[in-house]
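Structure, as structure tokens:
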Amino acid sequence: MSKRLGVGFIGSGFITKFHIQSWVAVRDADILGVWSPHYENAAGAAGLARQLGVGEARAYRSITEMVADPAIDAIWICGPNHRRVENLEEIVAALESGRGKLLGVACEKPLARNVAEAKQCVALIRRAGVLHGYLEDQLFMPSLMKGRALAWSRGAAITGRPYLARAAEEHSGPHMPWFWQGAQQGGGVLNDMMCHSVEVVRFLLSDPLKPRHSIRPKKVTGHIHSLKWSRPEYVERLRATMGSEVDYAKRPSEDFARATIEYVDEAGRPLIGEVTTSWSFVGAGLRLNAELLGPEYSFSHNSLNTGSQLFLSRRVVGQAGEDMVEKQNAEQGLMPIVGNEAAEYGYEVENRHFVRCFLDGKKPELTFDDGLEVVELLMTAYMSAEQGRTLEFPPPGLDLFIPAVAQGTWKQ
Ligand SMILES: NC(=O)c1ccc[n+]([C@@H]2O[C@H](COP(=O)([O-])OP(=O)(O)OC[C@H]3O[C@@H](n4cnc5c(N)ncnc54)[C@H](O)[C@@H]3O)[C@@H](O)[C@H]2O)c1
């Protein structure tokens with residue numbers, strides 16, 4: 001029998017609960033702990049794990065206590081972006097003081113709010129000397145993985161490599177106030193969601209048989225706008241639902257962002273990645289789009305084109321919920337149903353991958369170094385948007401750059 005991995009979560013919010021749900025499809029690992037600043041919330045998430053039968057999880061009073069418990073072998077960092085560095089510092093201090101031992105640490109996207117913080121995260125995890133993983137679920141979406149594999153093994157193998165990839169992630173806005181506050185989150189929708197799309201286009205454009213750096217980013221052009229949430233009626237709506245700290249009349253964040261990333265392959269051929277994200281899409285719910293175009297083939301994916309739909313007449317006036325699709329916007333009419341969101345958005349395969357790597361002592365497909373590279377691309381896109389021009393990658397000053405949105409000084 002191989003050893004089982006005991007996993008502890010930092011944070012007990014939205015994403016931790018998604019990971020816990022996905023765990024029914026993860027082998028050789030149990031969720032044994034949760035820490036969150038509010039003990040009752042941590043206890044609630046731990047209770048969910050026990051209820052689903054994915055581990056005898058308990059709540060801890062501190063990160064240090066959780067790391068020190070010999071039952072905990074790995075930590076999944078799922079706290080808010082502005083707490084990343086301090087969460088990691090506490091893990092590393094517990095390891096360095098000899099109070100605990102870990103096989104690995106996995107961190108949710110984005111690795112950090114800016115390049116300086118991302119580099120700090122990389123330096124901290126190196127010092128700790130443990131395996132590390134960057135949790136980018138979309139690269140583990142079964143339909144994306146299979147689409148990419150087939151486009152390359154059939155289309156590219158016979159007619160040549162693909163040259164253009166597109167990825168979009170859109171919904172009607174995040175669920176908690178900190179996401180809307182540039183200083184806490186690190187930016188607006190660009191930082192929050194383009195991290196996914198940037199990785200999706202790189203993944204699709206790169207040969208599955210070659211290393212990540214077989215394609216290299218050369219130029220980045222970014223645009224950001226506040227299309228919806230700085231309109232007066234929506235400023236008021238945000239204030240009413242998210243609290244007075246979220247003031248889009250004074251400190252808006254972008255709710256629309258797009259970027260073009262110009263890559264080259266090993267032969268110097270140009271490749272294009274187009275990414276677009278918004279918090280201003282009102283459709284059934286979260287929509288993930290991806291496309292890959294090659295000389296004689298194309299792949300496309302749309303997460304709302306599901307096989308199942310439910311029709312509810314106007315007489316069905318039910319409560320608002322998220323039971324049909326993440327970030328659901330309606331409970332009437334023809335609604336798509338995503339059968340197993342934890343599987344379809346990639347969490348199941350993702351967690352199986354990181355568990356297996358940590359148990360086997362192997363470097364995961366995505367590490368903190370990849371998370372840093374994503375942050376570098378995002379910050380270049382912000383810089384380009386602020387300067388209104390295309391930038392060579394990496395641009396000078398990237399390490400110290402903080403987007404105006406994150407400084408609370410952005411005016412569109
Ligand atoms: N992969 C994805 O698609 C995806 C989706 C949503 C969120 N995320 C990422 O996951 C992270 C958490 O997002 P969420 O949606 O769960 O947010 P959330 O606000 O729902 O939950 C955050 C949790 O962190 C806890 N917390 C508060 N202060 C903390 C601290 N000092 N240290 C650690 N934890 C603290 C909160 O109590 C809460 O339990 C973010 O980095 C976010 O970008 C990823």
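Quick note on naming: the chains in the structure tokens go A, B, ... in the order shown, residues restart at 1 in each chain, and ligands are numbered from 1 in order of appearance.
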Which residues are near ligand 1 - at most 9 Å, using only C-alpha atoms and all ligand atoms? Format: as an NGL selection string.
:A and (10-18 or 35-39 or 41-42 or 45 or 63 or 77-84 or 86-87 or 107-112 or 135-138 or 174-179 or 185 or 191-193 or 196 or 345-347)
Contacts of stretch 187-232 of chain A with stretch 243-263 of chain A up to 9 Å, shortest pair per row, only C-alpha atoms, as a tab-separated table:
residue	atom	partner	partner_atom	distance
A:Gly187	CA	A:Ser253	CA	6.4
A:Gly188	CA	A:Ser253	CA	4.7
A:Val189	CA	A:Asp255	CA	5.4
A:Leu190	CA	A:Ala257	CA	5.5
A:Met194	CA	A:Ala257	CA	7.9
A:Val198	CA	A:Ile261	CA	8.4
A:Arg202	CA	A:Tyr263	CA	8.8
A:Ile215	CA	A:Tyr263	CA	6.3
A:Arg216	CA	A:Tyr263	CA	5.2
A:Pro217	CA	A:Tyr263	CA	4.2
A:Lys218	CA	A:Tyr263	CA	5.4
A:Lys219	CA	A:Glu262	CA	5.1
A:Val220	CA	A:Ile261	CA	4.7
A:Thr221	CA	A:Thr260	CA	5.2
A:Gly222	CA	A:Ala259	CA	4.2
A:His223	CA	A:Arg258	CA	5.4
A:Ile224	CA	A:Ala257	CA	4.4
A:His225	CA	A:Glu254	CA	5.0
A:Ser226	CA	A:Glu254	CA	4.5
A:Leu227	CA	A:Asp255	CA	6.4
A:Lys228	CA	A:Asp255	CA	7.1
A:Trp229	CA	A:Tyr248	CA	6.9
A:Ser230	CA	A:Tyr248	CA	5.4
A:Arg231	CA	A:Ala249	CA	8.3
A:Pro232	CA	A:Ala249	CA	7.5
Would you save the residues of that selection, restricted to C-alpha atoms, as a PDB file, in the first residue's frame?
ATOM      1  CA  GLY A 187      -6.328  44.527  -9.883  1.00  0.00           C
ATOM      2  CA  GLY A 188      -9.714  43.917 -11.463  1.00  0.00           C
ATOM      3  CA  VAL A 189     -10.892  41.206 -13.812  1.00  0.00           C
ATOM      4  CA  LEU A 190      -7.550  41.108 -15.628  1.00  0.00           C
ATOM      5  CA  MET A 194      -6.966  36.490 -17.246  1.00  0.00           C
ATOM      6  CA  VAL A 198      -3.191  33.294 -20.404  1.00  0.00           C
ATOM      7  CA  ARG A 202      -0.103  28.894 -23.891  1.00  0.00           C
ATOM      8  CA  ILE A 215       7.152  28.767 -27.138  1.00  0.00           C
ATOM      9  CA  ARG A 216       8.190  32.185 -25.835  1.00  0.00           C
ATOM     10  CA  PRO A 217       6.182  35.386 -25.359  1.00  0.00           C
ATOM     11  CA  LYS A 218       7.692  38.304 -27.307  1.00  0.00           C
ATOM     12  CA  LYS A 219       5.095  41.106 -27.209  1.00  0.00           C
ATOM     13  CA  VAL A 220       1.998  41.946 -25.191  1.00  0.00           C
ATOM     14  CA  THR A 221      -0.818  44.394 -25.966  1.00  0.00           C
ATOM     15  CA  GLY A 222      -3.426  44.946 -23.273  1.00  0.00           C
ATOM     16  CA  HIS A 223      -6.643  46.940 -22.884  1.00  0.00           C
ATOM     17  CA  ILE A 224      -8.742  47.502 -19.787  1.00  0.00           C
ATOM     18  CA  HIS A 225     -12.073  49.280 -19.297  1.00  0.00           C
ATOM     19  CA  SER A 226     -14.835  49.634 -16.763  1.00  0.00           C
ATOM     20  CA  LEU A 227     -17.837  49.051 -19.007  1.00  0.00           C
ATOM     21  CA  LYS A 228     -20.607  48.312 -16.565  1.00  0.00           C
ATOM     22  CA  TRP A 229     -19.756  48.659 -12.895  1.00  0.00           C
ATOM     23  CA  SER A 230     -18.824  52.350 -12.938  1.00  0.00           C
ATOM     24  CA  ARG A 231     -22.232  53.335 -14.362  1.00  0.00           C
ATOM     25  CA  PRO A 232     -24.013  55.225 -11.564  1.00  0.00           C
TER      26      PRO A 232
END
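The residue set within 6 Å of stretch 309-315 of chain A, counting only C-alpha atoms and dropping same-chain residues fewer than 2 places from it, reads Val317, Gln332, Gly333, Leu334, Met335, Pro336 and Ile337 of chain A.
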Taking only C-alpha atoms into account, name the residue in A:His132, A:Arg269, A:Arg4, A:Arg58 that is nearest to A:Glu365.
A:His132
Counting only C-alpha atoms, which residues of stretch 209-308 of chain A fall within 7 Å of stretch 166-169 of chain A, and what is the closest atom pair for each with its distance in Å at one decimal, ordered by chain and rising number, as a tab-separated table?
residue	atom	partner	partner_atom	distance
A:Gly273	CA	A:Arg166	CA	5.8
A:Glu274	CA	A:Arg166	CA	4.7
A:Val275	CA	A:Ala167	CA	5.0
A:Thr276	CA	A:Ala168	CA	4.8
A:Thr277	CA	A:Glu169	CA	4.9
A:Ser278	CA	A:Glu169	CA	6.8
A:Arg287	CA	A:Glu169	CA	5.9
A:Leu288	CA	A:Glu169	CA	4.7
A:Asn289	CA	A:Ala168	CA	5.0
A:Ala290	CA	A:Ala167	CA	4.3
A:Glu291	CA	A:Arg166	CA	5.0
A:Leu292	CA	A:Arg166	CA	6.6
Save the residues we just selected, C-alpha atoms, as an mmCIF file, in the first residue's frame?
data_model
loop_
_atom_site.group_PDB
_atom_site.id
_atom_site.type_symbol
_atom_site.label_atom_id
_atom_site.label_comp_id
_atom_site.auth_asym_id
_atom_site.auth_seq_id
_atom_site.Cartn_x
_atom_site.Cartn_y
_atom_site.Cartn_z
ATOM 1 C CA GLY A 273 -2.747 34.144 -28.082
ATOM 2 C CA GLU A 274 -5.899 36.260 -27.705
ATOM 3 C CA VAL A 275 -7.411 36.468 -24.252
ATOM 4 C CA THR A 276 -10.459 38.329 -23.048
ATOM 5 C CA THR A 277 -12.186 38.423 -19.686
ATOM 6 C CA SER A 278 -15.082 40.281 -18.141
ATOM 7 C CA ARG A 287 -18.766 30.997 -19.475
ATOM 8 C CA LEU A 288 -15.382 29.597 -20.469
ATOM 9 C CA ASN A 289 -14.470 29.720 -24.130
ATOM 10 C CA ALA A 290 -11.414 28.326 -25.851
ATOM 11 C CA GLU A 291 -10.352 27.919 -29.465
ATOM 12 C CA LEU A 292 -7.316 26.586 -31.272
#
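For the choices A:Val349, A:Cys121, A:Ala116, A:Ile75, the atom-to-atom distance to A:Phe140 is smallest for A:Val349 when using only C-alpha atoms.
DSSP secondary structure from the backbone places Cys107, Glu108, Leu131, His132, Gly133, Tyr134 and Leu135 of chain A of stretch 107-142 of chain A in strand (DSSP E or B).
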Long-range neighbours of A:Leu378 as a compact mmCIF listing (two decimals) with N, CA and C atoms, in the first residue's frame, 7 Å cut-off, only C-alpha atoms, 3 positions minimum in chain:
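Listing of selection.txt after writing:
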# COMPACT_ATOMS: atom_id res chain seq x y z
N ASN A 191 -6.51 40.71 -13.47
CA ASN A 191 -5.74 39.91 -12.53
C ASN A 191 -6.50 38.67 -12.07
N CYS A 195 -5.54 35.35 -15.64
CA CYS A 195 -4.51 34.35 -15.29
C CYS A 195 -4.89 32.99 -15.87
N VAL A 374 3.05 33.67 -15.18
CA VAL A 374 1.69 34.16 -15.47
C VAL A 374 1.55 35.60 -14.93
N VAL A 375 2.01 35.82 -13.70
CA VAL A 375 1.92 37.17 -13.12
C VAL A 375 2.72 38.17 -13.98
N ALA A 381 0.50 43.13 -19.37
CA ALA A 381 -0.76 43.53 -20.02
C ALA A 381 -1.30 44.81 -19.36
N TYR A 382 -1.22 44.90 -18.03
CA TYR A 382 -1.64 46.15 -17.35
C TYR A 382 -0.78 47.33 -17.80
Among stretch 30-257 of chain A, which ones does DSSP place in alpha helix (DSSP H), written as a ChimeraX atom specification?
/A:39-52,63-68,84-96,115-128,142-150,157-159,177-180,182-185,189-205,232-242
Rank nothing, just name the residue among A:Ala320, A:Ala151, A:Val54, A:Val130 nearest to A:Ala29, using only C-alpha atoms.
A:Val54
